[in-house]
file structure-v1.tsv (TSV, C-alpha atoms and all ligand atoms)
chain	number	residue	atom	x	y	z
A	125	MET	CA	52.45	-10.81	-87.78
A	126	ALA	CA	53.57	-14.19	-86.45
A	127	LEU	CA	53.76	-14.05	-82.68
A	128	THR	CA	53.63	-17.23	-80.64
A	129	ALA	CA	50.45	-17.76	-78.62
A	130	GLN	CA	52.24	-16.60	-75.45
A	131	ALA	CA	53.59	-13.40	-77.00
A	132	GLN	CA	50.17	-12.77	-78.50
A	133	LYS	CA	48.65	-12.88	-75.02
A	134	ALA	CA	50.96	-10.10	-73.86
A	135	TYR	CA	50.23	-8.13	-77.04
A	136	ASP	CA	46.44	-8.55	-76.84
A	137	GLY	CA	46.55	-7.61	-73.15
A	138	PHE	CA	48.32	-4.40	-74.14
A	139	ARG	CA	45.62	-3.46	-76.64
A	140	GLU	CA	42.79	-4.24	-74.23
A	141	ALA	CA	44.34	-2.32	-71.34
A	142	TYR	CA	45.85	0.68	-73.08
A	143	GLY	CA	43.66	1.11	-76.18
A	144	ASP	CA	45.97	0.63	-79.19
A	145	THR	CA	49.26	-1.01	-80.16
A	146	GLU	CA	50.98	1.67	-82.16
A	147	ASN	CA	54.78	1.57	-81.72
A	148	VAL	CA	54.52	-1.35	-79.32
A	149	ARG	CA	57.54	-3.66	-79.15
A	150	VAL	CA	57.55	-7.24	-77.91
A	151	PHE	CA	60.31	-8.89	-75.87
A	152	PHE	CA	61.07	-12.27	-74.28
A	153	ALA	CA	63.38	-13.54	-71.55
A	154	PRO	CA	63.75	-17.19	-70.46
A	155	GLY	CA	63.55	-18.97	-67.12
A	156	ARG	CA	66.26	-21.48	-66.20
A	157	VAL	CA	66.84	-24.95	-64.89
A	158	ASN	CA	70.02	-25.94	-63.09
A	159	LEU	CA	71.47	-29.35	-63.98
A	160	ILE	CA	73.93	-29.50	-61.07
A	161	GLY	CA	75.72	-27.06	-58.73
A	162	GLU	CA	73.06	-26.06	-56.21
A	163	HIS	CA	73.60	-23.43	-53.54
A	164	THR	CA	77.16	-23.01	-54.74
A	165	ASP	CA	76.74	-19.65	-56.49
A	166	TYR	CA	76.91	-17.54	-53.33
A	167	ASN	CA	79.83	-19.67	-52.12
A	168	GLY	CA	82.18	-18.89	-55.00
A	169	GLY	CA	81.52	-22.29	-56.58
A	170	HIS	CA	80.49	-23.63	-59.97
A	171	VAL	CA	76.99	-23.93	-61.43
A	172	PHE	CA	75.70	-25.63	-64.57
A	173	PRO	CA	72.31	-24.18	-65.57
A	174	CYS	CA	70.63	-23.60	-68.92
A	175	ALA	CA	67.95	-21.21	-70.11
A	176	ILE	CA	64.62	-22.88	-70.90
A	177	SER	CA	61.89	-22.25	-73.43
A	178	PHE	CA	59.47	-21.24	-70.66
A	179	GLY	CA	59.81	-17.54	-70.00
A	180	ILE	CA	58.11	-14.16	-69.87
A	181	TYR	CA	56.82	-12.10	-72.80
A	182	ALA	CA	56.18	-8.38	-72.72
A	183	ALA	CA	54.49	-5.86	-74.99
A	184	VAL	CA	55.77	-2.42	-74.08
A	185	ARG	CA	55.75	1.22	-75.16
A	186	LYS	CA	57.35	4.37	-73.81
A	187	ARG	CA	55.12	7.10	-72.45
A	188	THR	CA	55.65	10.85	-72.63
A	189	ASP	CA	55.18	11.46	-68.88
A	190	ARG	CA	56.72	9.84	-65.76
A	191	LYS	CA	53.96	7.30	-65.19
A	192	LEU	CA	54.43	3.52	-65.20
A	193	ARG	CA	51.53	1.21	-65.99
A	194	PHE	CA	51.80	-2.55	-65.48
A	195	LEU	CA	49.49	-5.37	-66.53
A	196	SER	CA	50.07	-9.11	-66.16
A	197	ALA	CA	47.86	-11.70	-67.86
A	198	ASN	CA	49.00	-14.05	-65.07
A	199	TYR	CA	47.35	-11.87	-62.42
A	200	PRO	CA	44.16	-10.65	-64.13
A	201	GLN	CA	42.53	-9.92	-60.76
A	202	VAL	CA	45.14	-7.20	-60.12
A	203	GLY	CA	44.31	-5.36	-63.37
A	204	VAL	CA	46.42	-2.37	-64.39
A	205	ALA	CA	48.72	-1.26	-61.58
A	206	GLU	CA	50.09	2.25	-61.71
A	207	GLY	CA	53.38	3.60	-60.51
A	208	SER	CA	55.71	6.50	-61.13
A	209	LEU	CA	59.39	7.00	-61.81
A	210	ASP	CA	59.31	9.36	-58.83
A	211	GLU	CA	58.11	6.66	-56.49
A	212	LEU	CA	60.27	3.57	-56.90
A	213	VAL	CA	59.37	1.77	-53.68
A	214	PRO	CA	58.14	-1.81	-53.18
A	215	SER	CA	54.36	-2.08	-53.21
A	216	SER	CA	52.36	-4.47	-51.04
A	217	ASP	CA	49.31	-4.86	-53.33
A	218	ALA	CA	50.49	-5.47	-56.93
A	219	LYS	CA	53.48	-7.42	-55.66
A	220	TRP	CA	54.77	-8.66	-59.02
A	221	THR	CA	55.41	-5.03	-60.04
A	222	ASN	CA	58.17	-4.90	-57.42
A	223	TYR	CA	60.40	-6.80	-59.88
A	224	PRO	CA	60.13	-4.32	-62.77
A	225	LYS	CA	60.30	-1.40	-60.32
A	226	GLY	CA	63.37	-2.91	-58.69
A	227	VAL	CA	65.17	-3.10	-62.03
A	228	ILE	CA	64.37	0.55	-62.89
A	229	TRP	CA	65.64	1.47	-59.40
A	230	ALA	CA	68.80	-0.60	-59.89
A	231	PHE	CA	69.51	1.00	-63.30
A	232	GLU	CA	69.89	4.27	-61.41
A	233	ARG	CA	72.75	2.59	-59.55
A	234	ALA	CA	74.24	0.77	-62.56
A	235	GLY	CA	77.72	2.33	-62.46
A	236	GLU	CA	78.13	1.37	-58.82
A	237	ILE	CA	76.71	-2.16	-59.26
A	238	LEU	CA	78.97	-2.88	-62.23
A	239	HIS	CA	82.02	-1.12	-60.69
A	240	ARG	CA	82.17	1.02	-63.84
A	241	PRO	CA	81.85	4.66	-62.75
A	242	GLU	CA	81.67	5.80	-66.38
A	243	VAL	CA	78.29	4.05	-66.72
A	244	GLY	CA	76.91	6.30	-63.99
A	245	SER	CA	73.23	6.44	-63.09
A	246	LEU	CA	70.92	5.23	-65.87
A	247	LYS	CA	67.72	7.17	-65.34
A	248	LEU	CA	64.62	6.88	-67.49
A	249	ASP	CA	63.42	10.19	-68.93
A	250	THR	CA	59.84	8.91	-69.29
A	251	GLY	CA	57.80	5.96	-68.01
A	252	PHE	CA	56.24	3.11	-69.99
A	253	ASP	CA	53.13	0.99	-70.37
A	254	ILE	CA	53.73	-2.74	-70.25
A	255	SER	CA	51.66	-5.90	-70.57
A	256	ILE	CA	53.26	-9.23	-69.76
A	257	TYR	CA	52.46	-12.91	-69.89
A	258	GLY	CA	54.67	-15.69	-68.54
A	259	ASP	CA	54.43	-19.43	-69.17
A	260	ILE	CA	56.88	-20.46	-66.42
A	261	PRO	CA	54.80	-22.64	-64.07
A	262	SER	CA	54.28	-20.54	-60.95
A	263	GLY	CA	56.28	-21.44	-57.84
A	264	ALA	CA	58.16	-24.11	-59.80
A	265	GLY	CA	61.64	-22.84	-58.95
A	266	LEU	CA	62.34	-22.18	-62.64
A	267	SER	CA	63.27	-18.55	-61.97
A	268	SER	CA	60.37	-16.44	-63.09
A	269	SER	CA	61.81	-13.58	-61.03
A	270	ALA	CA	65.16	-13.71	-62.83
A	271	ALA	CA	63.35	-13.94	-66.17
A	272	MET	CA	61.40	-10.81	-65.24
A	273	GLU	CA	64.52	-8.93	-64.19
A	274	VAL	CA	66.40	-9.82	-67.36
A	275	LEU	CA	63.32	-9.05	-69.47
A	276	ILE	CA	62.92	-5.58	-67.95
A	277	GLY	CA	66.68	-4.97	-68.16
A	278	SER	CA	66.73	-5.76	-71.87
A	279	ILE	CA	63.62	-3.64	-72.48
A	280	LEU	CA	65.18	-0.64	-70.72
A	281	ARG	CA	68.40	-1.11	-72.68
A	282	GLU	CA	66.59	-1.22	-76.04
A	283	LEU	CA	63.92	1.44	-75.40
A	284	TYR	CA	66.08	4.01	-73.64
A	285	GLY	CA	69.36	3.59	-75.54
A	286	PHE	CA	71.50	2.10	-72.76
A	287	SER	CA	73.61	0.25	-75.31
A	288	MET	CA	76.69	0.28	-73.04
A	289	LEU	CA	75.13	-2.63	-71.11
A	290	SER	CA	75.95	-6.22	-72.06
A	291	ASN	CA	73.71	-9.17	-71.26
A	292	GLU	CA	76.07	-10.05	-68.43
A	293	ASP	CA	75.60	-6.53	-67.02
A	294	LEU	CA	71.84	-7.10	-67.10
A	295	ALA	CA	72.35	-10.21	-64.99
A	296	PHE	CA	74.26	-8.28	-62.30
A	297	ILE	CA	71.74	-5.43	-62.27
A	298	GLY	CA	68.88	-7.95	-62.01
A	299	GLN	CA	70.55	-9.77	-59.12
A	300	TYR	CA	71.17	-6.49	-57.30
A	301	SER	CA	67.54	-5.48	-57.69
A	302	GLU	CA	66.41	-8.81	-56.27
A	303	ASN	CA	68.88	-8.60	-53.35
A	304	GLU	CA	68.34	-4.98	-52.41
A	305	PHE	CA	64.86	-4.04	-53.62
A	306	ASN	CA	63.10	-7.36	-53.06
A	307	GLY	CA	65.15	-8.68	-50.13
A	308	MET	CA	66.00	-12.10	-51.59
A	309	LYS	CA	69.75	-12.55	-51.23
A	310	CYS	CA	70.10	-14.78	-54.30
A	311	GLY	CA	73.37	-15.54	-56.05
A	312	ILE	CA	74.08	-14.77	-59.70
A	313	MET	CA	73.12	-18.10	-61.29
A	314	ASP	CA	69.51	-17.45	-62.29
A	315	GLN	CA	69.95	-14.02	-63.84
A	316	PHE	CA	73.15	-15.17	-65.55
A	317	ALA	CA	71.46	-18.23	-67.06
A	318	SER	CA	68.54	-16.16	-68.32
A	319	ALA	CA	70.70	-13.35	-69.72
A	320	MET	CA	73.44	-15.54	-71.22
A	321	GLY	CA	71.39	-18.55	-72.38
A	322	LYS	CA	72.39	-20.24	-75.62
A	323	GLU	CA	70.24	-22.71	-77.54
A	324	GLY	CA	71.38	-26.31	-77.14
A	325	ASN	CA	73.93	-25.42	-74.45
A	326	ALA	CA	74.25	-25.40	-70.70
A	327	ILE	CA	76.49	-22.79	-69.06
A	328	PHE	CA	79.41	-23.88	-66.89
A	329	LEU	CA	80.04	-20.83	-64.72
A	330	ASP	CA	82.66	-20.31	-62.04
A	331	THR	CA	80.95	-17.77	-59.78
A	332	ASN	CA	84.26	-16.96	-58.08
A	333	THR	CA	85.85	-15.55	-61.24
A	334	MET	CA	82.74	-15.24	-63.47
A	335	VAL	CA	84.65	-17.18	-66.12
A	336	PHE	CA	82.21	-19.35	-68.04
A	337	GLU	CA	81.98	-21.68	-70.98
A	338	TYR	CA	79.11	-23.08	-73.00
A	339	ALA	CA	78.77	-26.87	-72.96
A	340	PRO	CA	76.70	-28.41	-75.76
A	341	LEU	CA	74.12	-30.79	-74.34
A	342	ASP	CA	74.18	-33.64	-76.78
A	343	MET	CA	72.16	-36.16	-74.85
A	344	LYS	CA	72.64	-39.19	-77.13
A	345	GLY	CA	69.32	-40.98	-76.81
A	346	MET	CA	68.53	-39.38	-73.44
A	347	LYS	CA	66.01	-36.72	-72.55
A	348	LEU	CA	66.19	-34.19	-69.77
A	349	MET	CA	62.86	-34.18	-67.97
A	350	ILE	CA	61.61	-31.56	-65.54
A	351	THR	CA	59.04	-32.77	-63.03
A	352	ASN	CA	57.07	-30.21	-61.04
A	353	THR	CA	56.05	-31.12	-57.47
A	354	LYS	CA	53.43	-28.33	-57.67
A	355	LYS	CA	54.08	-27.77	-54.02
A	356	GLU	CA	53.21	-24.30	-52.84
A	357	HIS	CA	56.45	-23.38	-51.18
A	358	GLN	CA	56.55	-21.07	-48.21
A	359	LEU	CA	59.28	-19.35	-46.22
A	360	VAL	CA	61.64	-19.89	-49.14
A	361	ASP	CA	63.28	-16.49	-48.91
A	362	SER	CA	63.91	-16.63	-45.17
A	363	GLU	CA	65.25	-20.21	-45.27
A	364	TYR	CA	67.40	-19.30	-48.27
A	365	ASN	CA	68.83	-16.24	-46.56
A	366	LEU	CA	69.51	-18.38	-43.48
A	367	ARG	CA	71.54	-20.87	-45.58
A	368	ARG	CA	73.63	-17.97	-46.84
A	369	GLN	CA	74.30	-16.81	-43.31
A	370	GLN	CA	75.29	-20.31	-42.20
A	371	CYS	CA	77.76	-20.62	-45.07
A	372	ALA	CA	79.21	-17.20	-44.19
A	373	GLU	CA	79.56	-18.33	-40.57
A	374	ALA	CA	81.39	-21.51	-41.67
A	375	MET	CA	83.68	-19.46	-43.86
A	376	ALA	CA	84.52	-17.06	-41.03
A	377	GLN	CA	85.57	-19.99	-38.84
A	378	LEU	CA	87.56	-21.66	-41.62
A	379	GLN	CA	89.41	-18.43	-42.34
A	380	ARG	CA	91.01	-18.59	-38.90
A	381	VAL	CA	93.02	-21.57	-40.13
A	382	CYS	CA	92.96	-20.81	-43.88
A	383	PRO	CA	93.37	-17.02	-44.06
A	384	ASP	CA	94.00	-17.09	-47.82
A	385	LYS	CA	90.66	-18.62	-48.71
A	386	LYS	CA	87.75	-16.31	-49.40
A	387	ALA	CA	84.95	-18.73	-50.31
A	388	LEU	CA	83.87	-22.33	-49.72
A	389	GLY	CA	84.21	-22.88	-53.46
A	390	GLU	CA	87.99	-22.51	-53.14
A	391	PHE	CA	88.34	-25.66	-51.02
A	392	THR	CA	89.09	-29.08	-52.46
A	393	ILE	CA	87.49	-31.94	-50.56
A	394	GLU	CA	90.84	-32.89	-49.01
A	395	GLU	CA	91.53	-29.33	-47.86
A	396	PHE	CA	88.08	-29.06	-46.33
A	397	GLU	CA	88.27	-32.43	-44.56
A	398	ALA	CA	91.62	-31.46	-43.03
A	399	VAL	CA	90.29	-28.30	-41.37
A	400	LYS	CA	86.53	-28.77	-41.02
A	401	SER	CA	86.74	-29.45	-37.26
A	402	VAL	CA	87.12	-25.70	-36.64
A	403	ILE	CA	83.43	-25.36	-37.51
A	404	THR	CA	81.80	-25.72	-34.13
A	405	ASP	CA	78.08	-25.95	-34.95
A	406	PRO	CA	77.15	-29.33	-36.49
A	407	VAL	CA	74.39	-27.81	-38.64
A	408	VAL	CA	76.73	-25.15	-40.00
A	409	LEU	CA	79.28	-27.89	-40.68
A	410	ARG	CA	76.78	-29.85	-42.77
A	411	ARG	CA	75.88	-26.72	-44.76
A	412	ALA	CA	79.56	-26.05	-45.50
A	413	LYS	CA	80.15	-29.68	-46.43
A	414	HIS	CA	77.37	-29.50	-48.99
A	415	ALA	CA	78.78	-26.32	-50.54
A	416	VAL	CA	82.30	-27.76	-50.85
A	417	TYR	CA	81.29	-31.22	-52.11
A	418	GLU	CA	78.62	-29.89	-54.47
A	419	ASN	CA	81.12	-27.59	-56.10
A	420	GLN	CA	83.53	-30.49	-56.70
A	421	ARG	CA	80.66	-32.65	-57.99
A	422	THR	CA	79.77	-29.95	-60.48
A	423	ILE	CA	83.32	-29.75	-61.81
A	424	GLU	CA	83.43	-33.53	-62.10
A	425	ALA	CA	79.98	-33.69	-63.74
A	426	VAL	CA	80.97	-31.30	-66.52
A	427	ALA	CA	84.17	-33.30	-67.11
A	428	ALA	CA	82.06	-36.47	-67.31
A	429	LEU	CA	79.73	-34.82	-69.81
A	430	LYS	CA	82.68	-33.79	-71.97
A	431	ALA	CA	83.91	-37.39	-71.84
A	432	ASP	CA	80.44	-38.57	-72.95
A	433	ASP	CA	79.96	-40.32	-69.61
A	434	LEU	CA	76.30	-39.58	-68.91
A	435	VAL	CA	76.15	-42.47	-66.45
A	436	ARG	CA	78.65	-40.70	-64.18
A	437	PHE	CA	76.86	-37.39	-64.70
A	438	GLY	CA	73.66	-39.07	-63.52
A	439	GLN	CA	75.32	-40.56	-60.42
A	440	LEU	CA	76.60	-37.12	-59.47
A	441	MET	CA	73.09	-35.70	-59.88
A	442	ASN	CA	71.83	-38.34	-57.44
A	443	GLU	CA	74.59	-37.50	-54.95
A	444	SER	CA	73.67	-33.85	-55.28
A	445	HIS	CA	70.08	-34.65	-54.32
A	446	VAL	CA	71.14	-36.67	-51.28
A	447	SER	CA	73.37	-33.84	-50.12
A	448	LEU	CA	70.60	-31.25	-50.57
A	449	ARG	CA	68.21	-33.55	-48.73
A	450	ASP	CA	70.43	-34.53	-45.79
A	451	ASP	CA	73.12	-31.88	-45.38
A	452	TYR	CA	71.69	-28.70	-46.84
A	453	GLU	CA	68.08	-29.53	-45.99
A	454	THR	CA	66.56	-27.60	-48.85
A	455	SER	CA	64.65	-30.52	-50.36
A	456	CYS	CA	61.11	-31.49	-49.32
A	457	THR	CA	59.10	-34.71	-49.08
A	458	GLU	CA	57.51	-34.17	-52.49
A	459	ALA	CA	60.81	-33.71	-54.33
A	460	ASP	CA	62.33	-36.62	-52.39
A	461	ILE	CA	59.53	-38.88	-53.61
A	462	LEU	CA	60.05	-37.78	-57.21
A	463	ALA	CA	63.82	-38.29	-57.11
A	464	GLU	CA	63.85	-41.50	-55.08
A	465	GLU	CA	61.17	-43.15	-57.23
A	466	ALA	CA	63.02	-42.07	-60.38
A	467	TRP	CA	66.23	-43.73	-59.11
A	468	LYS	CA	64.37	-47.07	-59.06
A	469	LEU	CA	63.66	-46.98	-62.81
A	470	PRO	CA	66.29	-48.61	-65.02
A	471	GLY	CA	65.77	-45.96	-67.72
A	472	VAL	CA	66.78	-43.13	-65.37
A	473	LEU	CA	70.45	-42.13	-65.21
A	474	GLY	CA	70.03	-39.45	-62.56
A	475	SER	CA	67.45	-37.31	-60.82
A	476	ARG	CA	67.67	-34.41	-58.37
A	477	ILE	CA	65.82	-31.42	-57.00
A	478	THR	CA	66.76	-28.27	-58.89
A	479	GLY	CA	66.81	-24.61	-57.84
A	480	GLY	CA	66.48	-22.96	-54.46
A	481	GLY	CA	64.42	-25.84	-53.02
A	482	PHE	CA	61.57	-26.33	-50.52
A	483	GLY	CA	59.35	-27.33	-53.43
A	484	GLY	CA	59.70	-26.69	-57.13
A	485	CYS	CA	60.98	-29.25	-59.61
A	486	THR	CA	63.30	-32.17	-60.11
A	487	VAL	CA	65.44	-32.63	-63.20
A	488	SER	CA	66.15	-36.13	-64.50
A	489	ILE	CA	68.10	-37.80	-67.28
A	490	VAL	CA	65.85	-40.43	-68.82
A	491	ARG	CA	66.44	-42.83	-71.71
A	492	GLU	CA	64.30	-41.54	-74.56
A	493	GLU	CA	62.37	-44.77	-75.12
A	494	THR	CA	61.42	-44.98	-71.43
A	495	VAL	CA	60.04	-41.43	-71.11
A	496	PRO	CA	56.37	-42.55	-71.38
A	497	GLU	CA	56.98	-45.18	-68.67
A	498	PHE	CA	58.77	-42.56	-66.52
A	499	ILE	CA	55.81	-40.20	-66.73
A	500	GLU	CA	53.27	-42.93	-66.10
A	501	LYS	CA	55.01	-44.65	-63.19
A	502	ILE	CA	56.32	-41.59	-61.37
A	503	GLY	CA	53.04	-39.80	-62.01
A	504	ALA	CA	50.97	-42.61	-60.49
A	505	ILE	CA	53.17	-43.10	-57.41
A	506	TYR	CA	53.35	-39.36	-56.80
A	507	LEU	CA	49.59	-38.97	-56.99
A	508	GLU	CA	49.10	-41.87	-54.61
A	509	LYS	CA	51.68	-40.70	-52.07
A	510	VAL	CA	51.19	-36.94	-52.22
A	511	GLY	CA	47.54	-36.61	-53.16
A	512	HIS	CA	47.93	-34.27	-56.13
A	513	GLU	CA	49.41	-34.66	-59.59
A	514	ALA	CA	52.94	-33.79	-60.63
A	515	ALA	CA	53.54	-32.13	-63.99
A	516	PHE	CA	56.12	-33.31	-66.54
A	517	TYR	CA	57.93	-31.24	-69.15
A	518	GLU	CA	60.64	-32.18	-71.58
A	519	LEU	CA	63.49	-29.67	-71.30
A	520	GLU	CA	63.90	-27.38	-74.28
A	521	ILE	CA	66.99	-25.21	-74.00
A	522	SER	CA	66.50	-21.64	-75.10
A	523	GLY	CA	68.67	-18.67	-75.99
A	524	GLY	CA	68.80	-15.50	-73.90
A	525	PRO	CA	66.55	-12.42	-74.02
A	526	LYS	CA	65.38	-11.16	-77.39
A	527	GLU	CA	63.07	-8.78	-79.17
A	528	LEU	CA	60.36	-10.50	-81.21
A	529	GLN	CA	59.59	-9.13	-84.65
A	530	LEU	CA	56.02	-8.04	-85.27
B	601	LIG	C1	67.97	-19.77	-56.15
B	601	LIG	C2	68.90	-18.57	-56.25
B	601	LIG	C3	70.19	-18.91	-56.98
B	601	LIG	C4	70.83	-20.17	-56.41
B	601	LIG	C5	69.80	-21.29	-56.27
B	601	LIG	C6	70.35	-22.49	-55.56
B	601	LIG	O1	67.50	-20.13	-57.42
B	601	LIG	O2	68.26	-17.49	-56.91
B	601	LIG	O3	71.09	-17.82	-56.93
B	601	LIG	O4	71.46	-19.91	-55.20
B	601	LIG	O5	68.65	-20.87	-55.57
B	601	LIG	O6	71.35	-23.09	-56.30
call {"tool": "encode", "arguments": {"input": "structure-v1.tsv", "output": "structure tokens"}}
result
Amino acid sequence: MALTAQAQKAYDGFREAYGDTENVRVFFAPGRVNLIGEHTDYNGGHVFPCAISFGIYAAVRKRTDRKLRFLSANYPQVGVAEGSLDELVPSSDAKWTNYPKGVIWAFERAGEILHRPEVGSLKLDTGFDISIYGDIPSGAGLSSSAAMEVLIGSILRELYGFSMLSNEDLAFIGQYSENEFNGMKCGIMDQFASAMGKEGNAIFLDTNTMVFEYAPLDMKGMKLMITNTKKEHQLVDSEYNLRRQQCAEAMAQLQRVCPDKKALGEFTIEEFEAVKSVITDPVVLRRAKHAVYENQRTIEAVAALKADDLVRFGQLMNESHVSLRDDYETSCTEADILAEEAWKLPGVLGSRITGGGFGGCTVSIVREETVPEFIEKIGAIYLEKVGHEAAFYELEISGGPKELQL
């Protein structure tokens, strides 16, 4: 057997908790990082994420009764948490189990979620025992929740014979479970990136039409670096849901003068500038401005990448950060320090906060030969200014969910 160390942890946890590993199967789903296109996915705009090699591993086996047993090597203090297929409600103690439970719950509504009545309600006949281990740094904004949802979705599909579901379907079911079972009104980007990831490629997705294309990331002497603020973020869900509301409010006002438009992502910059004065609240106006401009930046950034213009791509990343910092107000002091210090280094083409915000990570394009200097300089300044260390990872782009052979 040749499991990676991470997969082995999930597998060993299974044996220790449940006694033996007969008929156990092992699965993986990746986290994601977004290169540009932030807070555009619930505004009908474009995003440009990729799946990353950090993710979640699970060892799992079907049971013969309706029990569910969960174990996470990341939360050893919780131990084995039990549940039942007859009681799919969020729990307040073993909180992480709300993600797998939410996906099982959402499978029962699959036909409705996917607008495909023939899929119907996908109910599990029996429960399962599962042991997981994730190597996505916690609270880093690299989508451990989406990885979990896509992981559980692919496990249910493979173990229970729901072969009518595509990876894209798993993304929609995962998003629904997060929105409706866990109360986080996220867009589709994270689950889509995890479910549809392709090695070596980022995904250029139009969330208005769900048309997407893979874009090879040939970085030509550059590296993509992820830097973790390691800031414990709080109130993320409520602030995130508030941003969504503000964008909806802006859209409602804009529709009075542009009745044909359904989302901020449908506005060009010129169209928006011509009508933006109908938005009465200055905060709401800034939120809408970010959504419109960020969408156009994302389209331009992908065109620049295709034209091998990484310098322009980097400039657009910087503009994205400024807009998230000043107009959308989802950055934080720690991420501002990381990005702003990175901009000062000649070897850095671009740097921005990535993901939902209020903490988490930045993503930067750095000339390969200056990566050691980048880590040393940014690391030292960050420690001095913030008082704790940042963590640095080189981006490795992964494929989507998969079963690992034992
Ligand atoms: C979170 C959400 C995504 C997206 C980003 C911001 O990661 O889950 O849907 O909105 O924030 O771009």
call {"tool": "closest_atom_pairs", "arguments": {"input": "structure-v1.tsv", "of": "chain A", "to": "ligand LIG 601 (chain B)", "cutoff": "8 Å", "atoms": "only C-alpha atoms and all ligand atoms", "output": "tab-separated table"}}
result
residue	atom	partner	partner_atom	distance
A:Asn158	CA	B:LIG601	O6	7.5
A:Gly161	CA	B:LIG601	O6	6.4
A:Glu162	CA	B:LIG601	O6	3.4
A:His163	CA	B:LIG601	O6	3.6
A:Thr164	CA	B:LIG601	O6	6.0
A:Asp165	CA	B:LIG601	O4	5.4
A:Tyr166	CA	B:LIG601	O4	6.2
A:Val171	CA	B:LIG601	O6	7.7
A:Gly265	CA	B:LIG601	O1	6.6
A:Leu266	CA	B:LIG601	O1	7.6
A:Ser267	CA	B:LIG601	O1	6.4
A:Ala270	CA	B:LIG601	O2	7.7
A:Met308	CA	B:LIG601	O2	7.9
A:Lys309	CA	B:LIG601	O2	7.7
A:Cys310	CA	B:LIG601	O3	4.1
A:Gly311	CA	B:LIG601	O3	3.3
A:Ile312	CA	B:LIG601	O3	5.1
A:Met313	CA	B:LIG601	O3	4.8
A:Asp314	CA	B:LIG601	O2	5.5
A:Gln315	CA	B:LIG601	O2	7.9
A:Tyr364	CA	B:LIG601	O5	7.6
A:Thr478	CA	B:LIG601	O6	7.4
A:Gly479	CA	B:LIG601	O1	4.6
A:Gly480	CA	B:LIG601	O5	3.2
A:Gly481	CA	B:LIG601	O5	7.0
call {"tool": "residues_around", "arguments": {"input": "structure-v1.tsv", "residues": "Gly524 in chain A", "least_positions_apart": "3", "cutoff": "8 Å", "atoms": "all atoms listed in the file", "output": "list in words"}}
result
Ala153, Pro154, Ala175, Ala317, Ser318, Ala319, Met320, Gly321 and Lys322 of chain A
call {"tool": "write_last_selection", "arguments": {"input": "structure-v1.tsv", "atoms": "C-alpha atoms", "output": "PDB file, in the frame of the given file"}}
result
ATOM      1  CA  ALA A 153      63.380 -13.540 -71.550  1.00  0.00           C
ATOM      2  CA  PRO A 154      63.750 -17.190 -70.460  1.00  0.00           C
ATOM      3  CA  ALA A 175      67.950 -21.210 -70.110  1.00  0.00           C
ATOM      4  CA  ALA A 317      71.460 -18.230 -67.060  1.00  0.00           C
ATOM      5  CA  SER A 318      68.540 -16.160 -68.320  1.00  0.00           C
ATOM      6  CA  ALA A 319      70.700 -13.350 -69.720  1.00  0.00           C
ATOM      7  CA  MET A 320      73.440 -15.540 -71.220  1.00  0.00           C
ATOM      8  CA  GLY A 321      71.390 -18.550 -72.380  1.00  0.00           C
ATOM      9  CA  LYS A 322      72.390 -20.240 -75.620  1.00  0.00           C
TER      10      LYS A 322
END
call {"tool": "atom_distance", "arguments": {"input": "structure-v1.tsv", "atom1": "CA of Ala412 in chain A", "atom2": "CA of Thr392 in chain A"}}
result
12.2 Å
call {"tool": "closest_residue", "arguments": {"input": "structure-v1.tsv", "among": "A:Leu429, A:Val472, A:Ile393, A:Val335", "to": "Glu292 in chain A", "atoms": "only C-alpha atoms"}}
result
A:Val335
call {"tool": "closest_residue", "arguments": {"input": "structure-v1.tsv", "among": "A:Gly137, A:Gly471, A:Gly179, A:Gly285", "to": "Glu520 in chain A", "atoms": "all atoms listed in the file"}}
result
A:Gly179
call {"tool": "residues_near_point", "arguments": {"input": "structure-v1.tsv", "point": "(57.2, -8.2, -72.2)", "cutoff": "12 Å", "atoms": "all atoms listed in the file", "output": "MDAnalysis selection string"}}
result
chainID A and resid 130:138 148:154 179:185 194:197 224 252:259 271:280 525:528
call {"tool": "residues_around", "arguments": {"input": "structure-v1.tsv", "residues": "Val407 in chain A", "least_positions_apart": "4", "cutoff": "12 Å", "atoms": "all atoms listed in the file", "output": "PyMOL selection string"}}
result
chain A and resi 366-367+369-371+373-374+403+411-414+450-453
call {"tool": "atom_distance", "arguments": {"input": "structure-v1.tsv", "atom1": "CA of Thr221 in chain A", "atom2": "CA of Thr188 in chain A"}}
result
20.3 Å
call {"tool": "atom_distance", "arguments": {"input": "structure-v1.tsv", "atom1": "CA of Met349 in chain A", "atom2": "CA of Val490 in chain A"}}
result
7.0 Å
call {"tool": "residues_around", "arguments": {"input": "structure-v1.tsv", "residues": "Gly307 in chain A", "least_positions_apart": "3", "cutoff": "12 Å", "atoms": "only C-alpha atoms", "output": "ChimeraX atom specification"}}
result
/A:214,222-223,226,299-304,310,360-362,364-365
call {"tool": "residues_around", "arguments": {"input": "structure-v1.tsv", "residues": "range 375-389 of chain A", "least_positions_apart": "2", "cutoff": "6 Å", "atoms": "all atoms listed in the file", "output": "PDB file with C-alpha atoms, keeping the file's coordinate frame"}}
result
ATOM      1  CA  ASN A 167      79.830 -19.670 -52.120  1.00  0.00           C
ATOM      2  CA  GLY A 168      82.180 -18.890 -55.000  1.00  0.00           C
ATOM      3  CA  GLY A 169      81.520 -22.290 -56.580  1.00  0.00           C
ATOM      4  CA  ALA A 372      79.210 -17.200 -44.190  1.00  0.00           C
ATOM      5  CA  GLU A 373      79.560 -18.330 -40.570  1.00  0.00           C
ATOM      6  CA  PHE A 391      88.340 -25.660 -51.020  1.00  0.00           C
ATOM      7  CA  ILE A 403      83.430 -25.360 -37.510  1.00  0.00           C
ATOM      8  CA  VAL A 416      82.300 -27.760 -50.850  1.00  0.00           C
TER       9      VAL A 416
END
